[in-house]
>>> print(open('final_13.cif').read())   # mmCIF, C-alpha atoms and all ligand atoms
data_coords
loop_
_atom_site.label_atom_id
_atom_site.label_comp_id
_atom_site.auth_asym_id
_atom_site.auth_seq_id
_atom_site.Cartn_x
_atom_site.Cartn_y
_atom_site.Cartn_z
CA MET A 1 93.63 99.11 119.68
CA ASN A 2 94.81 100.89 116.54
CA PRO A 3 92.85 102.59 115.10
CA PRO A 4 92.54 104.87 116.97
CA GLY A 5 95.61 103.98 119.04
CA ASN A 6 95.26 106.04 122.23
CA GLU A 7 98.42 104.46 123.61
CA ALA A 8 99.36 107.32 125.98
CA PRO A 9 97.55 105.91 129.06
CA LEU A 10 99.44 102.61 128.64
CA ALA A 11 102.77 104.41 128.22
CA ARG A 12 102.08 106.31 131.48
CA PHE A 13 101.00 103.14 133.30
CA LEU A 14 104.22 101.35 132.34
CA ALA A 15 106.36 104.41 133.15
CA ASP A 16 104.79 104.54 136.63
CA TRP A 17 105.58 100.83 137.10
CA ALA A 18 109.18 101.36 135.99
CA LEU A 19 109.63 104.40 138.26
CA ALA A 20 108.23 102.43 141.20
CA GLN A 21 110.91 99.79 140.52
CA GLY A 22 113.58 102.48 140.68
CA LEU A 23 114.18 102.61 136.92
CA GLU A 24 114.68 105.83 134.93
CA ALA A 25 111.56 106.27 132.79
CA GLU A 26 110.01 108.95 130.62
CA VAL A 27 106.90 109.29 128.51
CA VAL A 28 107.48 111.08 125.20
CA GLU A 29 104.24 112.62 123.94
CA LEU A 30 103.76 112.29 120.19
CA PRO A 31 100.59 114.30 119.49
CA ASP A 32 98.54 112.91 116.61
CA PRO A 33 95.01 114.03 115.72
CA ARG A 34 94.13 110.42 114.83
CA ALA A 35 94.41 109.38 118.51
CA PRO A 36 92.10 111.60 120.63
CA ARG A 37 93.23 110.20 123.99
CA GLY A 38 96.86 110.67 123.18
CA ARG A 39 99.78 109.01 121.56
CA ALA A 40 103.05 108.56 123.42
CA ALA A 41 106.17 106.40 123.60
CA LEU A 42 107.73 104.87 126.70
CA VAL A 43 111.49 105.19 127.16
CA VAL A 44 113.24 103.42 130.05
CA ARG A 45 117.00 103.81 130.45
CA VAL A 46 119.43 101.62 132.39
CA ARG A 47 122.74 103.46 132.64
CA GLY A 48 125.88 101.58 131.61
CA ARG A 49 129.53 102.09 132.44
CA GLY A 50 129.95 104.72 129.73
CA THR A 51 130.79 102.71 126.60
CA PRO A 52 129.21 104.68 123.74
CA GLY A 53 126.51 103.11 121.57
CA ALA A 54 123.38 102.17 123.52
CA VAL A 55 121.41 98.98 122.97
CA ILE A 56 117.69 99.46 122.27
CA LEU A 57 114.99 96.90 123.08
CA LEU A 58 112.10 97.94 120.84
CA SER A 59 108.43 97.00 120.97
CA HIS A 60 105.09 98.67 120.34
CA LEU A 61 102.09 99.53 122.50
CA ASP A 62 99.33 99.47 119.88
CA VAL A 63 97.54 96.33 118.73
CA VAL A 64 95.25 95.38 115.86
CA PRO A 65 91.51 94.93 116.61
CA ALA A 66 90.55 91.64 118.26
CA GLY A 67 87.42 90.49 116.41
CA ASP A 68 84.64 88.78 118.36
CA GLU A 69 85.23 85.06 117.93
CA GLY A 70 87.72 82.45 118.98
CA TRP A 71 88.74 83.90 122.37
CA GLU A 72 88.78 81.79 125.53
CA ALA A 73 88.83 85.00 127.61
CA PRO A 74 87.98 88.66 126.84
CA PRO A 75 90.71 89.96 124.48
CA PHE A 76 91.36 93.19 126.38
CA ALA A 77 91.52 91.88 129.95
CA GLY A 78 94.86 90.07 129.98
CA THR A 79 93.38 87.04 131.72
CA ARG A 80 95.50 84.16 132.97
CA VAL A 81 94.10 80.92 131.54
CA GLY A 82 96.03 77.89 132.72
CA GLU A 83 99.69 78.36 131.86
CA ALA A 84 99.18 81.37 129.59
CA VAL A 85 98.06 84.99 129.50
CA VAL A 86 95.33 85.39 126.91
CA GLY A 87 94.65 88.65 125.12
CA ARG A 88 95.26 90.79 122.08
CA GLY A 89 98.90 91.85 122.18
CA ALA A 90 100.07 88.90 124.32
CA LEU A 91 102.61 88.14 121.57
CA ASP A 92 102.34 91.22 119.33
CA ALA A 93 103.64 93.15 121.12
CA LYS A 94 102.61 94.11 124.68
CA GLY A 95 104.06 90.80 125.83
CA VAL A 96 107.34 91.87 124.26
CA THR A 97 107.23 95.20 126.12
CA VAL A 98 106.76 93.35 129.41
CA THR A 99 109.58 90.93 128.54
CA HIS A 100 111.92 93.85 127.78
CA LEU A 101 110.97 95.77 130.93
CA ILE A 102 111.58 92.83 133.25
CA ALA A 103 114.85 92.00 131.47
CA ALA A 104 115.93 95.64 131.96
CA LEU A 105 115.01 95.48 135.63
CA ARG A 106 117.09 92.32 136.04
CA LEU A 107 120.07 94.02 134.43
CA ALA A 108 119.57 97.23 136.42
CA VAL A 109 119.99 95.45 139.76
CA ARG A 110 123.23 93.69 138.75
CA GLU A 111 126.20 94.63 140.87
CA ARG A 112 128.31 95.56 137.85
CA PRO A 113 126.36 97.60 135.27
CA LEU A 114 126.56 96.67 131.58
CA ALA A 115 129.09 98.59 129.51
CA ARG A 116 126.52 100.26 127.28
CA ASP A 117 123.33 102.09 128.18
CA LEU A 118 120.22 100.00 127.66
CA LEU A 119 117.05 101.65 126.35
CA VAL A 120 113.67 99.97 126.46
CA ILE A 121 111.54 101.81 123.91
CA ALA A 122 107.86 101.01 123.34
CA VAL A 123 106.28 103.08 120.58
CA PRO A 124 102.70 103.69 119.46
CA ASP A 125 101.30 103.24 115.95
CA GLU A 126 103.42 100.35 114.67
CA GLU A 127 100.47 98.46 113.25
CA LYS A 128 99.50 101.39 111.02
CA GLY A 129 102.98 101.89 109.64
CA GLY A 130 104.82 103.77 112.37
CA LEU A 131 104.57 107.34 111.06
CA GLY A 132 102.79 108.38 114.26
CA GLY A 133 105.09 106.16 116.35
CA ALA A 134 108.71 105.19 115.66
CA ALA A 135 109.14 107.81 112.93
CA ALA A 136 107.64 110.58 115.08
CA LEU A 137 109.77 109.55 118.07
CA ILE A 138 113.00 109.60 116.04
CA GLU A 139 112.09 113.02 114.67
CA LYS A 140 111.32 114.45 118.11
CA ARG A 141 114.16 112.71 119.96
CA PRO A 142 116.98 112.01 117.49
CA ASP A 143 119.33 111.71 120.48
CA LEU A 144 117.77 108.32 121.29
CA VAL A 145 118.74 106.76 117.98
CA ASP A 146 121.91 108.72 117.25
CA GLY A 147 123.40 107.44 120.49
CA ALA A 148 122.46 103.84 119.74
CA ARG A 149 124.44 101.03 118.13
CA TYR A 150 122.29 97.89 118.39
CA LEU A 151 118.59 97.08 118.51
CA LEU A 152 116.53 93.99 119.24
CA GLY A 153 112.83 94.04 118.38
CA GLU A 154 109.97 91.86 117.27
CA GLY A 155 110.06 89.58 114.25
CA GLY A 156 112.16 86.47 114.59
CA SER A 157 111.61 83.81 117.24
CA ILE A 158 112.56 80.23 118.03
CA SER A 159 110.93 77.39 116.08
CA PRO A 160 110.75 74.30 118.23
CA GLY A 161 112.82 71.50 116.77
CA ILE A 162 110.75 68.80 115.13
CA THR A 163 111.61 65.29 116.37
CA GLY A 164 115.29 64.65 116.03
CA ARG A 165 115.97 68.07 114.55
CA ARG A 166 117.61 71.18 115.93
CA SER A 167 115.49 74.11 116.98
CA LEU A 168 115.92 77.27 114.94
CA TRP A 169 116.68 80.75 116.22
CA ALA A 170 115.58 82.88 113.27
CA VAL A 171 117.03 86.38 113.57
CA GLY A 172 115.42 88.93 111.25
CA PHE A 173 118.11 91.10 109.66
CA THR A 174 115.99 92.34 106.77
CA GLU A 175 112.38 92.27 105.69
CA LYS A 176 110.13 92.54 102.68
CA SER A 177 108.79 96.03 102.22
CA PRO A 178 105.13 96.99 101.98
CA CYS A 179 103.76 98.48 98.78
CA TRP A 180 100.11 99.22 99.55
CA LEU A 181 98.10 100.44 96.59
CA ASP A 182 94.62 101.84 96.01
CA VAL A 183 92.99 100.80 92.74
CA ARG A 184 90.18 103.28 92.07
CA ALA A 185 87.59 102.91 89.31
CA LYS A 186 85.20 105.65 88.20
CA GLY A 187 81.91 105.05 86.43
CA LEU A 188 78.37 106.39 86.03
CA SER A 189 76.08 106.45 89.02
CA GLY A 190 72.36 105.78 88.77
CA HIS A 191 69.54 103.38 89.52
CA GLY A 192 70.36 99.71 89.97
CA ALA A 193 67.55 98.82 87.55
CA SER A 194 68.87 101.06 84.77
CA GLY A 195 70.85 98.38 82.95
CA GLN A 196 73.79 100.80 82.90
CA ARG A 197 77.09 99.38 81.51
CA GLY A 198 80.61 100.48 82.39
CA THR A 199 79.85 101.05 86.07
CA ALA A 200 82.63 101.66 88.58
CA VAL A 201 82.19 98.18 90.06
CA GLN A 202 82.38 96.51 86.64
CA ARG A 203 85.53 98.42 85.77
CA LEU A 204 87.11 97.59 89.10
CA LEU A 205 86.33 93.88 88.78
CA ARG A 206 87.79 93.81 85.29
CA ALA A 207 90.91 95.60 86.50
CA LEU A 208 91.36 93.21 89.43
CA GLY A 209 90.85 90.24 87.10
CA ARG A 210 93.76 91.51 85.01
CA ILE A 211 96.16 91.84 87.93
CA GLN A 212 95.26 89.20 90.48
CA ASP A 213 97.24 86.44 88.78
CA LEU A 214 99.97 88.61 87.36
CA PRO A 215 103.17 86.57 87.56
CA PHE A 216 106.02 87.90 89.66
CA PRO A 217 109.40 86.56 88.60
CA VAL A 218 111.48 84.38 90.90
CA ARG A 219 114.39 86.48 92.14
CA VAL A 220 116.92 85.29 94.70
CA VAL A 221 118.29 88.49 96.23
CA PRO A 222 121.59 88.25 98.16
CA GLU A 223 119.78 88.56 101.53
CA VAL A 224 117.62 85.54 100.71
CA ALA A 225 120.50 83.47 99.31
CA ARG A 226 122.20 84.15 102.63
CA THR A 227 119.10 83.11 104.63
CA PHE A 228 118.79 79.75 102.88
CA ARG A 229 122.52 79.08 103.09
CA SER A 230 122.22 79.44 106.88
CA LEU A 231 119.08 77.31 106.97
CA ALA A 232 120.52 74.50 104.84
CA PRO A 233 121.07 72.14 107.82
CA LEU A 234 117.28 72.20 108.31
CA ALA A 235 116.41 71.62 104.62
CA PRO A 236 114.20 68.64 103.71
CA GLU A 237 116.10 65.39 103.11
CA GLY A 238 118.23 65.71 100.00
CA ASP A 239 117.73 69.47 99.51
CA GLU A 240 120.58 70.72 101.67
CA GLY A 241 122.85 71.25 98.66
CA HIS A 242 120.07 73.06 96.82
CA TRP A 243 119.54 75.48 99.71
CA ILE A 244 123.26 76.23 99.91
CA ASP A 245 123.16 77.58 96.36
CA LEU A 246 119.51 78.55 96.01
CA ARG A 247 119.87 80.85 93.03
CA ARG A 248 121.52 78.23 90.85
CA SER A 249 119.30 75.38 92.03
CA LEU A 250 116.09 77.30 91.27
CA SER A 251 117.24 78.19 87.78
CA GLU A 252 118.79 74.83 86.85
CA ASP A 253 116.70 72.16 88.57
CA PRO A 254 113.02 72.23 87.57
CA ASP A 255 112.00 69.46 90.01
CA PHE A 256 113.55 71.30 92.93
CA ARG A 257 112.04 74.58 91.75
CA GLU A 258 108.55 73.09 91.72
CA ARG A 259 109.02 71.52 95.15
CA PHE A 260 110.46 74.69 96.62
CA LEU A 261 107.80 77.06 95.25
CA ALA A 262 104.93 74.78 96.34
CA GLU A 263 105.59 75.95 99.91
CA PRO A 264 104.05 79.44 100.19
CA GLY A 265 106.44 80.63 102.91
CA GLN A 266 109.40 79.73 100.70
CA ALA A 267 107.87 81.08 97.50
CA ALA A 268 107.19 84.42 99.23
CA ARG A 269 110.92 84.72 99.95
CA VAL A 270 111.90 84.55 96.30
CA ARG A 271 109.26 86.72 94.71
CA ASP A 272 107.04 89.72 95.33
CA THR A 273 103.48 88.88 96.38
CA LEU A 274 100.13 90.56 95.72
CA ALA A 275 96.97 90.18 97.80
CA ILE A 276 93.68 92.00 97.26
CA THR A 277 92.70 92.85 100.82
CA ARG A 278 90.02 95.56 100.65
CA LEU A 279 86.96 96.16 98.47
CA ARG A 280 84.72 99.17 98.86
CA SER A 281 81.77 100.51 96.90
CA GLY A 282 78.12 101.37 97.35
CA ASP A 283 75.74 100.84 100.23
CA GLY A 284 72.41 99.96 98.64
CA TYR A 285 71.24 97.08 96.46
CA ASN A 286 69.51 99.46 94.08
CA ARG A 287 72.13 102.20 93.69
CA LEU A 288 75.07 102.37 91.33
CA THR A 289 77.82 104.44 92.91
CA ASP A 290 80.33 106.33 90.81
CA GLU A 291 83.41 104.96 92.54
CA ALA A 292 84.77 101.55 93.54
CA VAL A 293 88.08 101.06 95.31
CA ALA A 294 90.24 98.04 96.06
CA GLY A 295 93.19 97.96 98.46
CA LEU A 296 96.18 95.84 97.50
CA ASP A 297 98.87 94.54 99.83
CA LEU A 298 102.00 93.92 97.80
CA ARG A 299 105.18 92.83 99.55
CA LEU A 300 108.41 93.47 97.72
CA LEU A 301 111.75 91.76 98.10
CA PRO A 302 114.71 93.94 99.12
CA GLY A 303 115.55 96.23 96.21
CA GLY A 304 111.93 96.29 94.99
CA ASP A 305 110.42 99.53 93.69
CA CYS A 306 106.79 100.30 94.60
CA ALA A 307 106.35 103.11 92.06
CA ALA A 308 107.59 100.85 89.25
CA THR A 309 105.30 98.04 90.43
CA ALA A 310 102.31 100.41 90.44
CA ALA A 311 103.21 101.45 86.89
CA ARG A 312 103.31 97.79 85.85
CA LEU A 313 99.80 97.25 87.28
CA ARG A 314 98.49 100.38 85.49
CA GLU A 315 99.80 98.98 82.24
CA ALA A 316 98.19 95.57 82.84
CA ILE A 317 94.85 97.20 83.77
CA ASP A 318 94.94 99.41 80.69
CA ASP A 319 91.81 101.45 81.50
CA PRO A 320 91.84 105.26 81.69
CA ALA A 321 88.92 105.15 84.17
CA VAL A 322 91.02 103.18 86.68
CA THR A 323 93.86 104.72 88.68
CA VAL A 324 96.52 103.01 90.80
CA GLU A 325 97.98 105.10 93.63
CA VAL A 326 100.53 104.32 96.32
CA HIS A 327 98.95 104.39 99.80
CA LEU A 328 102.03 103.36 101.78
CA ALA A 329 105.52 102.23 100.82
CA PHE A 330 108.89 101.90 102.50
CA GLU A 331 112.22 100.81 101.21
CA SER A 332 113.43 97.49 102.59
CA ARG A 333 116.56 97.90 104.72
CA SER A 334 119.04 95.30 105.88
CA SER A 335 121.49 95.14 108.76
CA PRO A 336 124.86 93.42 108.44
CA VAL A 337 124.96 89.91 109.91
CA GLU A 338 128.59 89.69 111.00
CA THR A 339 128.21 91.73 114.17
CA ALA A 340 128.87 91.48 117.88
CA LEU A 341 125.10 91.35 118.44
CA MET A 342 124.72 88.27 116.21
CA ALA A 343 127.65 86.66 118.03
CA ALA A 344 125.90 87.45 121.33
CA ILE A 345 122.71 85.75 120.13
CA GLU A 346 124.78 82.72 119.13
CA GLY A 347 126.37 82.74 122.57
CA ALA A 348 122.98 82.83 124.28
CA ALA A 349 121.72 79.99 122.07
CA ARG A 350 124.70 77.82 123.02
CA LYS A 351 123.90 78.40 126.66
CA LEU A 352 120.09 78.12 126.68
CA ASP A 353 119.38 75.81 123.75
CA PRO A 354 122.49 73.74 122.93
CA GLY A 355 122.49 72.49 119.36
CA ALA A 356 120.09 75.18 118.14
CA LEU A 357 120.79 76.70 114.75
CA VAL A 358 121.02 80.51 114.70
CA ALA A 359 120.15 81.78 111.22
CA PRO A 360 119.88 85.36 109.94
CA SER A 361 116.51 85.46 108.16
CA LEU A 362 114.47 87.63 105.85
CA GLN A 363 111.14 88.45 107.53
CA LEU A 364 108.00 88.48 105.42
CA GLY A 365 106.23 91.01 107.63
CA TRP A 366 107.74 94.34 108.46
CA SER A 367 108.38 95.95 111.83
CA ASP A 368 109.63 99.34 112.99
CA ALA A 369 113.25 98.15 112.65
CA HIS A 370 113.68 99.82 109.26
CA TRP A 371 113.36 103.31 110.77
CA PHE A 372 116.38 102.54 112.95
CA ARG A 373 118.35 100.71 110.24
CA ALA A 374 117.99 103.85 108.13
CA ARG A 375 119.86 105.72 110.90
CA GLY A 376 122.71 103.21 111.00
CA VAL A 377 121.60 101.12 113.97
CA VAL A 378 122.24 97.35 113.66
CA ALA A 379 118.64 96.17 114.16
CA TYR A 380 117.53 92.56 114.44
CA GLY A 381 114.03 91.18 114.79
CA PHE A 382 114.37 88.56 117.48
CA VAL A 383 112.56 87.79 120.72
CA PRO A 384 113.69 84.51 122.29
CA ARG A 385 110.47 82.56 122.68
CA ARG A 386 109.34 79.29 121.14
CA LEU A 387 106.42 79.90 118.81
CA ARG A 388 104.58 76.97 117.32
CA PRO A 389 102.54 77.39 114.10
CA ILE A 390 99.37 77.75 116.21
CA ASP A 391 100.98 80.64 118.14
CA LEU A 392 102.09 82.32 114.93
CA ARG A 393 98.56 82.10 113.51
CA SER A 394 97.14 83.79 116.63
CA ILE A 395 99.16 86.95 115.87
CA HIS A 396 96.55 89.30 114.35
CA GLY A 397 94.12 86.33 114.66
CA PRO A 398 91.92 85.00 117.48
CA GLY A 399 93.19 83.38 120.67
CA GLU A 400 96.50 85.24 121.03
CA ARG A 401 98.30 83.95 124.12
CA LEU A 402 101.69 84.14 125.78
CA THR A 403 102.65 81.07 127.81
CA ILE A 404 104.44 81.67 131.09
CA ASP A 405 107.27 79.47 129.77
CA ASN A 406 107.74 81.84 126.86
CA LEU A 407 107.62 84.90 129.08
CA VAL A 408 110.36 83.40 131.23
CA LEU A 409 112.41 82.28 128.22
CA GLY A 410 112.02 85.73 126.65
CA ILE A 411 113.34 87.43 129.78
CA GLU A 412 116.19 84.98 130.33
CA GLY A 413 117.13 84.89 126.67
CA THR A 414 117.17 88.68 126.40
CA VAL A 415 119.26 89.04 129.56
CA SER A 416 121.62 86.35 128.29
CA ILE A 417 122.06 88.06 124.89
CA LEU A 418 122.84 91.39 126.55
CA GLU A 419 125.33 89.79 128.93
CA GLU A 420 127.03 88.02 126.02
CA LEU A 421 127.19 91.32 124.15
CA ASP A 422 128.85 92.83 127.19
CA ARG A 423 131.78 90.41 126.90
CA ASP A 424 132.60 92.28 123.73
CA ARG A 425 133.69 95.26 125.87
ZN ZN B 1 103.91 93.81 116.15
#
>>> encode(input="final_13.cif", output="structure tokens", more="lines below")
Ligand SMILES: [Zn+2]
Amino acid sequence: MNPPGNEAPLARFLADWALAQGLEAEVVELPDPRAPRGRAALVVRVRGRGTPGAVILLSHLDVVPAGDEGWEAPPFAGTRVGEAVVGRGALDAKGVTVTHLIAALRLAVRERPLARDLLVIAVPDEEKGGLGGAAALIEKRPDLVDGARYLLGEGGSISPGITGRRSLWAVGFTEKSPCWLDVRAKGLSGHGASGQRGTAVQRLLRALGRIQDLPFPVRVVPEVARTFRSLAPLAPEGDEGHWIDLRRSLSEDPDFRERFLAEPGQAARVRDTLAITRLRSGDGYNRLTDEAVAGLDLRLLPGGDCAATAARLREAIDDPAVTVEVHLAFESRSSPVETALMAAIEGAARKLDPGALVAPSLQLGWSDAHWFRARGVVAYGFVPRRLRPIDLRSIHGPGERLTIDNLVLGIEGTVSILEELDRDR
């Protein structure tokens, strides 16, 4: 669970399993004072026939806390319940690590090795932003990423086809970037009965009132235009043409615009979003504290600028006693979509799920892929498993579970993609 992380024992456990299977495995220690029992990454290598440019299968070992309610089995026991394994991380992302490891084992025992080396990498600290995980690993072991060409990690999945429709293989090739801000108000402290005005809490509430409904303009960036063009065959009846040219349709057709923006998942792909996620001040009913802080989770479209967004909020708040500071921000990065890896995913889809639509997609959440994209690796968020809305809601929520069907599909799909990629050589 992160915080604190403490992923090293899991990395060692999985390395021991891999070694016992005859795989080449190492544990890369990534010391971090925030994780007292240790932070480490797992790296498993399956040697290829010498073609340069390894393929990385990336996942993470840390998970978010589980909460107490809504679990049919203890969240940290990995219990089999019926046709599923229940537990925090079943989908995000220990289940992905297991999927990758078994896929690697299957490929390692093939008679003819793959052309390229295959690296299964499972990092710590993804859920907290990756500075102690993927970023630290790349800094300590640049050889791992400099020798790599392609990467598959978490993010996209398969949406089951609704009656009469094709299923969708959504492959994340870019993502919105986080812009996490702290809004901090200062005021006078004192007794709760003092009748004091201009307290920190009052100033913070006023500031939040000024920004919570701030409009963010609709902006169809090229990556999103591309996503909806690919998705057009799955558009609602009559909207296919609109999705093919989303930018023009949103600006010229008010009825379509209203319809399109009414769906939050669609609206979030054409504008930045702001959510107030944390509030902190005081600990007694009768005490005014001198500081109140809110945490904001803004998600910016590719090309967005966190510092400029923070400046815009400062201007809207217009109060010298309130500051807005950046807590965490990354630039959004995209991978090209016309690649041998995308063709390999299409090949696997034809084999395993005939008629499925493979569409490069913008992901709303971010993963560790951007660290690798920044180093020139073609990185896609895609794990072949069918996730229904109820499964998607269980990620970071209660009742997370991985069905055995999805574990099997994940392994077979991943093996199939890597074999298709091998035809390229
Ligand atoms: Zn994850």
>>> closest_atom_pairs(input="final_13.cif", of="chain A", to="ligand ZN 1 (chain B)", cutoff="8 Å", atoms="all atoms listed in the file", output="tab-separated table")
residue	atom	partner	partner_atom	distance
A:Ser59	CA	B:ZN1	ZN	7.3
A:His60	CA	B:ZN1	ZN	6.5
A:Val63	CA	B:ZN1	ZN	7.3
A:Leu91	CA	B:ZN1	ZN	8.0
A:Asp92	CA	B:ZN1	ZN	4.4
A:Ala93	CA	B:ZN1	ZN	5.0
A:Glu126	CA	B:ZN1	ZN	6.7
A:Glu127	CA	B:ZN1	ZN	6.5
A:Glu154	CA	B:ZN1	ZN	6.5
A:Gly155	CA	B:ZN1	ZN	7.7
A:Ser367	CA	B:ZN1	ZN	6.6
>>> closest_residue(input="final_13.cif", among="A:Val377, A:Cys306, A:Leu144, A:Ala369", to="Asp272 (chain A)", atoms="only C-alpha atoms")
A:Cys306
>>> residues_around(input="final_13.cif", residues="Gly187 (chain A)", least_positions_apart="3", cutoff="8 Å", atoms="all atoms listed in the file", output="PDB file with C-alpha atoms, in the frame of the given file")
ATOM      1  CA  GLY A 198      80.610 100.480  82.390  1.00  0.00           C
ATOM      2  CA  THR A 199      79.850 101.050  86.070  1.00  0.00           C
ATOM      3  CA  ALA A 200      82.630 101.660  88.580  1.00  0.00           C
ATOM      4  CA  VAL A 201      82.190  98.180  90.060  1.00  0.00           C
ATOM      5  CA  ARG A 203      85.530  98.420  85.770  1.00  0.00           C
ATOM      6  CA  THR A 289      77.820 104.440  92.910  1.00  0.00           C
ATOM      7  CA  ASP A 290      80.330 106.330  90.810  1.00  0.00           C
ATOM      8  CA  GLU A 291      83.410 104.960  92.540  1.00  0.00           C
ATOM      9  CA  ALA A 321      88.920 105.150  84.170  1.00  0.00           C
TER      10      ALA A 321
END
>>> closest_residue(input="final_13.cif", among="A:Pro74, A:Gly50, A:Gly161, A:Pro142", to="Arg388 (chain A)", atoms="only C-alpha atoms")
A:Gly161
>>> residues_around(input="final_13.cif", residues="Asp422 (chain A)", least_positions_apart="6", cutoff="12 Å", atoms="only C-alpha atoms", output="list in words")
Gly48, Arg49, Thr51, Gly53, Ala54, Val55, Leu107, Arg112, Pro113, Leu114, Ala115, Arg116, Asp117, Leu118, Ala340, Leu341, Ala343, Ala344, Ile345, Gly347, Ala348, Val415 and Ser416 of chain A
